[in-house]
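Have a look at the structure below, then the notes.
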Amino acid sequence: MARLVYLMGASGVGKDTLLGEARRRHPGWLVAHRYVTRESGLSENSVALTHDEFAFRQSTGLFCLSWEAHGLSYGLGIELEAWLCRDATVLVNGSRRALPDAQCRFGDWLLPVLVTAPEGLLRQRLMNRGRETQEVIEDRLLRHRQLAASLPDVAHIDNAGTPQASLDELSRLVEVRCST
C-alpha cells in the first residue's frame with residue numbers, strides 16, 4: 001500500500017540522517033530529494049536551484065508541494081505522485097508550513113511524522129555544524145518547541161539515540177499505517 005512518509009522537524013534534529021539510514025536499510029523505500037534555492041550540504045538529499053530555476057519549475061507545475069522558509073524556496077517534485085501510484089513507500093523531508101497542502105493533495109497516502117530531539121542535544125548539533133549564530137540557534141530552538149506543541153496528534157520519533165533505533169521506530173509506524 002502506498003505511503004508518503006512526511007518527516008518534519010527542526011533544523012538539526014536529524015531528518016537527513018534518518019533518511020540516509022532508511023535508504024541503506026530499506027532499499028524498497030524511495031527517499032525523494034527536495035529542490036531548494038541554496039547549495040546542498042553533504043548530508044542532504046536535495047537539488048540546488050537558482051531562484052529563477054525554481055520559479056520556472058513552480059510556474060510549469062513541476063512541484064507537487066512547495067514552500068518558503070528562512071528566505072529559501074523548497075519544493076517536492078511531481079515524481080512523488082507517480083511513485084505513489086505504483087504503491088511505493090516514499091519518504092520526504094517536509095515542512096510543517098506545507099503540511100496542510102500535503103494533507104489536501106495526498107489524503108490517505110500521507111503519514112506525517114515529527115522528528116524530535118531533546119533541546120540540549122539539538123542545541124549541540126546546531127553549534128557543531130557551525131552554520132548559525134547563537135541568536136539563530138535560539139530562534140530555531142524556540143520554533144522547535146512551537147512545532148512540537150502545534151502537532152499533538154502527529155506521530156513523534158525521538159531521534160536522540162542511534163539512527164538505527166529511530167529507523168526501527170519509523171518502520172513500526174509505517175507497518176502499522178500500511179496494515180490499517
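Each chain of the C-alpha cells is named A, B, ... in the order shown, its residues numbered from 1; ligands are numbered from 1 in display order.
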Alpha helix (DSSP H) positions in chain A, given as a count of residues only: 80
DSSP strand (DSSP E or B) selection over region 7-77 of chain A, as a list in words: Leu7, Met8, Trp29, Leu30, Val31, Arg34, Tyr35, Val36, Ser46, Val47, Ala48, Phe63, Cys64, Leu65, Ser66, Trp67, Glu68, Ala69, Leu72, Ser73, Tyr74, Gly75, Leu76 and Gly77 of chain A
Contact residues around region 24-35 of chain A with only C-alpha atoms at 9 Å, ignoring same-chain residues under 6 positions, as an MDAnalysis selection string: chainID A and resid 44:49 54 63 66 73:77 79:80 83 88:94 164 167
Proximity to Leu99 (chain A) - best of A:Val113, A:Ala22, A:Val13, A:Val36, only C-alpha atoms: A:Val113
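CA of Asp158 (chain A) is found 11.3 Å from CA of Leu121 (chain A).
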All residues 9 Å or closer to Arg123 (chain A), only C-alpha atoms, same chain fewer than 6 positions away omitted, as a list of chain:residue names: A:Gly12, A:Ile137, A:Glu138, A:Arg140, A:Leu141
Mind dumping the selected residues with C-alpha atoms as a short mmCIF file (atom, residue, chain, number, x, y, z; two decimals), in the first residue's frame?
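What landed in out-v5.cif:
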```
data_model
loop_
_atom_site.label_atom_id
_atom_site.label_comp_id
_atom_site.auth_asym_id
_atom_site.auth_seq_id
_atom_site.Cartn_x
_atom_site.Cartn_y
_atom_site.Cartn_z
CA GLY A 12 19.47 19.86 13.17
CA ILE A 137 20.21 28.77 17.18
CA GLU A 138 18.00 30.12 19.96
CA ARG A 140 15.47 27.61 15.92
CA LEU A 141 15.07 26.07 19.39
#
```
Proximity to Ala149 (chain A) - best of A:Trp67, A:Asp87, A:Arg23, A:Gly9, only C-alpha atoms: A:Gly9
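Interatomic distance, CA of Glu135 (chain A) to CA of Leu19 (chain A): 28.0 Å.
Relative to CA of Gly20 (chain A), CA of Leu122 (chain A) is found at 18.6 Å.
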Shell around Ser150 (chain A) at 12 Å using only C-alpha atoms, local window under 2 positions removed, as a PyMOL selection string: chain A and resi 9+96-97+99+114+143-148+152-154
For C-alpha atoms, I'd like the residues from the last selection saved as a short mmCIF file (atom, residue, chain, number, x, y, z; two decimals), in the first residue's frame.
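Wrote again-v9.cif, looks like this:
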```cif
data_model
loop_
_atom_site.label_atom_id
_atom_site.label_comp_id
_atom_site.auth_asym_id
_atom_site.auth_seq_id
_atom_site.Cartn_x
_atom_site.Cartn_y
_atom_site.Cartn_z
CA GLY A 9 11.24 18.68 12.49
CA ARG A 96 5.02 21.90 8.88
CA ARG A 97 4.31 25.03 6.87
CA LEU A 99 1.56 20.13 5.90
CA LEU A 114 7.52 14.76 13.65
CA ARG A 143 10.49 27.12 16.71
CA HIS A 144 11.29 23.52 17.68
CA ARG A 145 9.24 23.90 20.88
CA GLN A 146 6.42 25.63 19.00
CA LEU A 147 6.40 22.93 16.31
CA ALA A 148 6.10 20.09 18.81
CA PRO A 152 -0.02 16.94 19.22
CA ASP A 153 -1.85 14.40 17.01
CA VAL A 154 1.09 13.66 14.71
#
```
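Nearest residue to Val136 (chain A), choosing from A:His70, A:Arg105, A:Arg172, A:Arg86 and counting only C-alpha atoms: A:His70.
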